[in-house]
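Step one of this worksheet: look at the structure below.
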Amino acid sequence: QVQLVESGGGLVQPGGSLRLSCAASGIISSYYDMGWYRRAPGKQRELVAKLTSGSGSRTSYADFVKGRFTISRDNAKNTVYLQMTSLKPEDTAVYYCNVKNYLMGDYWGQGTQVTVSS
């Protein structure tokens, strides 16, 4: 059974930083693309950042987080991270971890709340 457990969300002031973690079990994460999405109140879920699988892993970011957020992965720990800096109130959302392999499946975490407010 595949499980994704996110952690690291919380309340932070504008300009602050948070690091989200997503620990996967039941998969070999190196075979999966790993990414972070978010859903803000009243909006649809959107891609934040993702890393492709394999030795030639590629990273992509949504324009609204470029230069502020960094995605990384530790395949030995089956974990993907999202380092968020210079946070803005508009970054307030529930952040979801996703792992995807086109043959083996597409899985989501339960989400972690990030609130940016003074």
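Going by the structure tokens order, chains are called A, B, ..., each with residues numbered from 1, while ligands are numbered from 1 in the order shown.
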For this session: Tell me, as an NGL selection string, which residues lie within 9 Å of Val80 in chain A, counting only C-alpha atoms; anything in the same chain fewer than 2 positions away does not count.
Result: :A and (20-24 or 29 or 34-36 or 51 or 71-75 or 77-78 or 82 or 97)
Suppose we keep N, CA, C and O atoms; can you now write the selection as a PDB file, in the first residue's frame?
ATOM      1  N   LEU A  20       8.878  21.871   3.608  1.00  0.00           N
ATOM      2  CA  LEU A  20       7.936  20.761   3.601  1.00  0.00           C
ATOM      3  C   LEU A  20       8.670  19.467   3.259  1.00  0.00           C
ATOM      4  O   LEU A  20       9.603  19.473   2.446  1.00  0.00           O
ATOM      5  N   SER A  21       8.214  18.380   3.871  1.00  0.00           N
ATOM      6  CA  SER A  21       8.755  17.060   3.576  1.00  0.00           C
ATOM      7  C   SER A  21       7.610  16.117   3.228  1.00  0.00           C
ATOM      8  O   SER A  21       6.499  16.263   3.745  1.00  0.00           O
ATOM      9  N   CYS A  22       7.899  15.172   2.369  1.00  0.00           N
ATOM     10  CA  CYS A  22       6.916  14.152   2.019  1.00  0.00           C
ATOM     11  C   CYS A  22       7.637  12.811   1.978  1.00  0.00           C
ATOM     12  O   CYS A  22       8.480  12.595   1.106  1.00  0.00           O
ATOM     13  N   ALA A  23       7.299  11.975   2.944  1.00  0.00           N
ATOM     14  CA  ALA A  23       7.908  10.655   3.030  1.00  0.00           C
ATOM     15  C   ALA A  23       6.977   9.625   2.394  1.00  0.00           C
ATOM     16  O   ALA A  23       5.801   9.526   2.767  1.00  0.00           O
ATOM     17  N   ALA A  24       7.520   8.894   1.435  1.00  0.00           N
ATOM     18  CA  ALA A  24       6.730   7.888   0.725  1.00  0.00           C
ATOM     19  C   ALA A  24       7.073   6.494   1.228  1.00  0.00           C
ATOM     20  O   ALA A  24       8.237   6.198   1.517  1.00  0.00           O
ATOM     21  N   SER A  29      10.933   5.303  -4.706  1.00  0.00           N
ATOM     22  CA  SER A  29      10.673   6.659  -5.193  1.00  0.00           C
ATOM     23  C   SER A  29      11.501   7.030  -6.406  1.00  0.00           C
ATOM     24  O   SER A  29      11.101   7.883  -7.203  1.00  0.00           O
ATOM     25  N   MET A  34       8.262  13.151  -8.776  1.00  0.00           N
ATOM     26  CA  MET A  34       7.782  13.614  -7.475  1.00  0.00           C
ATOM     27  C   MET A  34       7.542  15.108  -7.543  1.00  0.00           C
ATOM     28  O   MET A  34       8.348  15.847  -8.136  1.00  0.00           O
ATOM     29  N   GLY A  35       6.450  15.544  -6.940  1.00  0.00           N
ATOM     30  CA  GLY A  35       6.141  16.962  -7.045  1.00  0.00           C
ATOM     31  C   GLY A  35       5.282  17.476  -5.915  1.00  0.00           C
ATOM     32  O   GLY A  35       4.808  16.714  -5.065  1.00  0.00           O
ATOM     33  N   TRP A  36       5.133  18.782  -5.922  1.00  0.00           N
ATOM     34  CA  TRP A  36       4.292  19.479  -4.961  1.00  0.00           C
ATOM     35  C   TRP A  36       3.251  20.308  -5.714  1.00  0.00           C
ATOM     36  O   TRP A  36       3.584  20.989  -6.699  1.00  0.00           O
ATOM     37  N   LEU A  51       9.963  17.159  -9.878  1.00  0.00           N
ATOM     38  CA  LEU A  51      11.212  16.547 -10.274  1.00  0.00           C
ATOM     39  C   LEU A  51      10.886  15.265 -11.021  1.00  0.00           C
ATOM     40  O   LEU A  51      10.122  14.440 -10.522  1.00  0.00           O
ATOM     41  N   ILE A  71      12.790  22.529  -4.903  1.00  0.00           N
ATOM     42  CA  ILE A  71      12.382  21.141  -4.701  1.00  0.00           C
ATOM     43  C   ILE A  71      13.617  20.256  -4.769  1.00  0.00           C
ATOM     44  O   ILE A  71      14.540  20.508  -5.542  1.00  0.00           O
ATOM     45  N   SER A  72      13.636  19.238  -3.919  1.00  0.00           N
ATOM     46  CA  SER A  72      14.742  18.293  -3.928  1.00  0.00           C
ATOM     47  C   SER A  72      14.208  16.934  -3.483  1.00  0.00           C
ATOM     48  O   SER A  72      13.097  16.829  -2.949  1.00  0.00           O
ATOM     49  N   ARG A  73      15.008  15.916  -3.729  1.00  0.00           N
ATOM     50  CA  ARG A  73      14.590  14.565  -3.347  1.00  0.00           C
ATOM     51  C   ARG A  73      15.763  13.791  -2.786  1.00  0.00           C
ATOM     52  O   ARG A  73      16.913  14.040  -3.165  1.00  0.00           O
ATOM     53  N   ASP A  74      15.448  12.878  -1.893  1.00  0.00           N
ATOM     54  CA  ASP A  74      16.431  11.946  -1.346  1.00  0.00           C
ATOM     55  C   ASP A  74      15.862  10.553  -1.577  1.00  0.00           C
ATOM     56  O   ASP A  74      15.005  10.096  -0.818  1.00  0.00           O
ATOM     57  N   ASN A  75      16.328   9.911  -2.629  1.00  0.00           N
ATOM     58  CA  ASN A  75      15.757   8.607  -2.969  1.00  0.00           C
ATOM     59  C   ASN A  75      16.074   7.548  -1.924  1.00  0.00           C
ATOM     60  O   ASN A  75      15.310   6.598  -1.749  1.00  0.00           O
ATOM     61  N   LYS A  77      15.894   7.947   1.152  1.00  0.00           N
ATOM     62  CA  LYS A  77      14.881   8.104   2.198  1.00  0.00           C
ATOM     63  C   LYS A  77      13.459   8.106   1.625  1.00  0.00           C
ATOM     64  O   LYS A  77      12.494   8.305   2.372  1.00  0.00           O
ATOM     65  N   ASN A  78      13.346   7.938   0.292  1.00  0.00           N
ATOM     66  CA  ASN A  78      12.016   7.987  -0.334  1.00  0.00           C
ATOM     67  C   ASN A  78      11.276   9.262   0.031  1.00  0.00           C
ATOM     68  O   ASN A  78      10.076   9.250   0.315  1.00  0.00           O
ATOM     69  N   LEU A  82      10.321  20.466  -0.152  1.00  0.00           N
ATOM     70  CA  LEU A  82      10.072  21.751  -0.785  1.00  0.00           C
ATOM     71  C   LEU A  82      10.540  22.826   0.189  1.00  0.00           C
ATOM     72  O   LEU A  82       9.915  23.039   1.232  1.00  0.00           O
ATOM     73  N   CYS A  97       1.672  16.601  -1.745  1.00  0.00           N
ATOM     74  CA  CYS A  97       2.740  15.846  -2.370  1.00  0.00           C
ATOM     75  C   CYS A  97       2.138  14.882  -3.390  1.00  0.00           C
ATOM     76  O   CYS A  97       1.064  14.316  -3.153  1.00  0.00           O
TER      77      CYS A  97
END
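When the distance limit is 6 Å and only C-alpha atoms are what count, the residues near Lys88 in chain A, minus those fewer than 2 positions from it on the same chain, are Pro14, Glu90 and Asp91 of chain A.
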Written selection (N, CA, C and O atoms) as a CSV table (one decimal), in the first residue's frame:
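Once everything was written out, this is out_24.csv:
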chain,number,residue,atom,x,y,z
A,14,PRO,N,5.0,36.8,6.6
A,14,PRO,CA,5.5,37.2,5.3
A,14,PRO,C,7.0,37.4,5.3
A,14,PRO,O,7.5,38.0,6.2
A,90,GLU,N,-0.1,35.3,-0.5
A,90,GLU,CA,-0.7,34.5,-1.6
A,90,GLU,C,-0.2,33.1,-1.7
A,90,GLU,O,-0.7,32.3,-2.5
A,91,ASP,N,0.8,32.7,-0.9
A,91,ASP,CA,1.3,31.4,-0.9
A,91,ASP,C,0.5,30.5,0.1
A,91,ASP,O,0.7,29.3,0.1
For this session: Compare A:Val116, A:Met84, A:Ala93, A:Ile28 by their minimum atom-to-atom distance to Thr70 in chain A, counting only C-alpha atoms, and give me the closest one.
Result: A:Met84
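Those residues of range 14-43 of chain A that DSSP, working from the backbone, places in strand (DSSP E or B) are Leu18, Arg19, Leu20, Ser21, Cys22, Ala23, Ala24, Ser25, Asp33, Met34, Gly35, Trp36, Tyr37, Arg38 and Arg39 of chain A.
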Keeping only N, CA and C atoms, write the selected residues to a file as a PDB file, in the first residue's frame.
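The new file out-v9.pdb reads:
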ATOM      1  N   LEU A  18       9.724  28.052   5.191  1.00  0.00           N
ATOM      2  CA  LEU A  18       9.280  26.759   5.680  1.00  0.00           C
ATOM      3  C   LEU A  18       9.870  25.681   4.791  1.00  0.00           C
ATOM      4  N   ARG A  19      10.039  24.501   5.353  1.00  0.00           N
ATOM      5  CA  ARG A  19      10.489  23.352   4.580  1.00  0.00           C
ATOM      6  C   ARG A  19       9.461  22.230   4.732  1.00  0.00           C
ATOM      7  N   LEU A  20       8.878  21.871   3.608  1.00  0.00           N
ATOM      8  CA  LEU A  20       7.936  20.761   3.601  1.00  0.00           C
ATOM      9  C   LEU A  20       8.670  19.467   3.259  1.00  0.00           C
ATOM     10  N   SER A  21       8.214  18.380   3.871  1.00  0.00           N
ATOM     11  CA  SER A  21       8.755  17.060   3.576  1.00  0.00           C
ATOM     12  C   SER A  21       7.610  16.117   3.228  1.00  0.00           C
ATOM     13  N   CYS A  22       7.899  15.172   2.369  1.00  0.00           N
ATOM     14  CA  CYS A  22       6.916  14.152   2.019  1.00  0.00           C
ATOM     15  C   CYS A  22       7.637  12.811   1.978  1.00  0.00           C
ATOM     16  N   ALA A  23       7.299  11.975   2.944  1.00  0.00           N
ATOM     17  CA  ALA A  23       7.908  10.655   3.030  1.00  0.00           C
ATOM     18  C   ALA A  23       6.977   9.625   2.394  1.00  0.00           C
ATOM     19  N   ALA A  24       7.520   8.894   1.435  1.00  0.00           N
ATOM     20  CA  ALA A  24       6.730   7.888   0.725  1.00  0.00           C
ATOM     21  C   ALA A  24       7.073   6.494   1.228  1.00  0.00           C
ATOM     22  N   SER A  25       6.057   5.664   1.330  1.00  0.00           N
ATOM     23  CA  SER A  25       6.268   4.258   1.651  1.00  0.00           C
ATOM     24  C   SER A  25       5.458   3.419   0.663  1.00  0.00           C
ATOM     25  N   ASP A  33       8.204  10.255 -10.777  1.00  0.00           N
ATOM     26  CA  ASP A  33       8.256  11.710 -10.739  1.00  0.00           C
ATOM     27  C   ASP A  33       7.669  12.137  -9.390  1.00  0.00           C
ATOM     28  N   MET A  34       8.262  13.151  -8.776  1.00  0.00           N
ATOM     29  CA  MET A  34       7.782  13.614  -7.475  1.00  0.00           C
ATOM     30  C   MET A  34       7.542  15.108  -7.543  1.00  0.00           C
ATOM     31  N   GLY A  35       6.450  15.544  -6.940  1.00  0.00           N
ATOM     32  CA  GLY A  35       6.141  16.962  -7.045  1.00  0.00           C
ATOM     33  C   GLY A  35       5.282  17.476  -5.915  1.00  0.00           C
ATOM     34  N   TRP A  36       5.133  18.782  -5.922  1.00  0.00           N
ATOM     35  CA  TRP A  36       4.292  19.479  -4.961  1.00  0.00           C
ATOM     36  C   TRP A  36       3.251  20.308  -5.714  1.00  0.00           C
ATOM     37  N   TYR A  37       2.029  20.241  -5.234  1.00  0.00           N
ATOM     38  CA  TYR A  37       0.925  21.033  -5.749  1.00  0.00           C
ATOM     39  C   TYR A  37       0.320  21.794  -4.577  1.00  0.00           C
ATOM     40  N   ARG A  38      -0.500  22.771  -4.901  1.00  0.00           N
ATOM     41  CA  ARG A  38      -1.186  23.478  -3.822  1.00  0.00           C
ATOM     42  C   ARG A  38      -2.588  23.872  -4.256  1.00  0.00           C
ATOM     43  N   ARG A  39      -3.456  24.023  -3.254  1.00  0.00           N
ATOM     44  CA  ARG A  39      -4.810  24.511  -3.495  1.00  0.00           C
ATOM     45  C   ARG A  39      -5.094  25.621  -2.508  1.00  0.00           C
TER      46      ARG A  39
END
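For the choices A:Gly109, A:Gly15, A:Gly9, A:Pro89, the atom-to-atom distance to Ala40 in chain A is smallest for A:Pro89 when using only C-alpha atoms.
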Problem set entry | Between CA of Val65 in chain A and CA of Ser118 in chain A, distance in Å (one decimal) |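 These atoms are spaced 20.0 Å apart.
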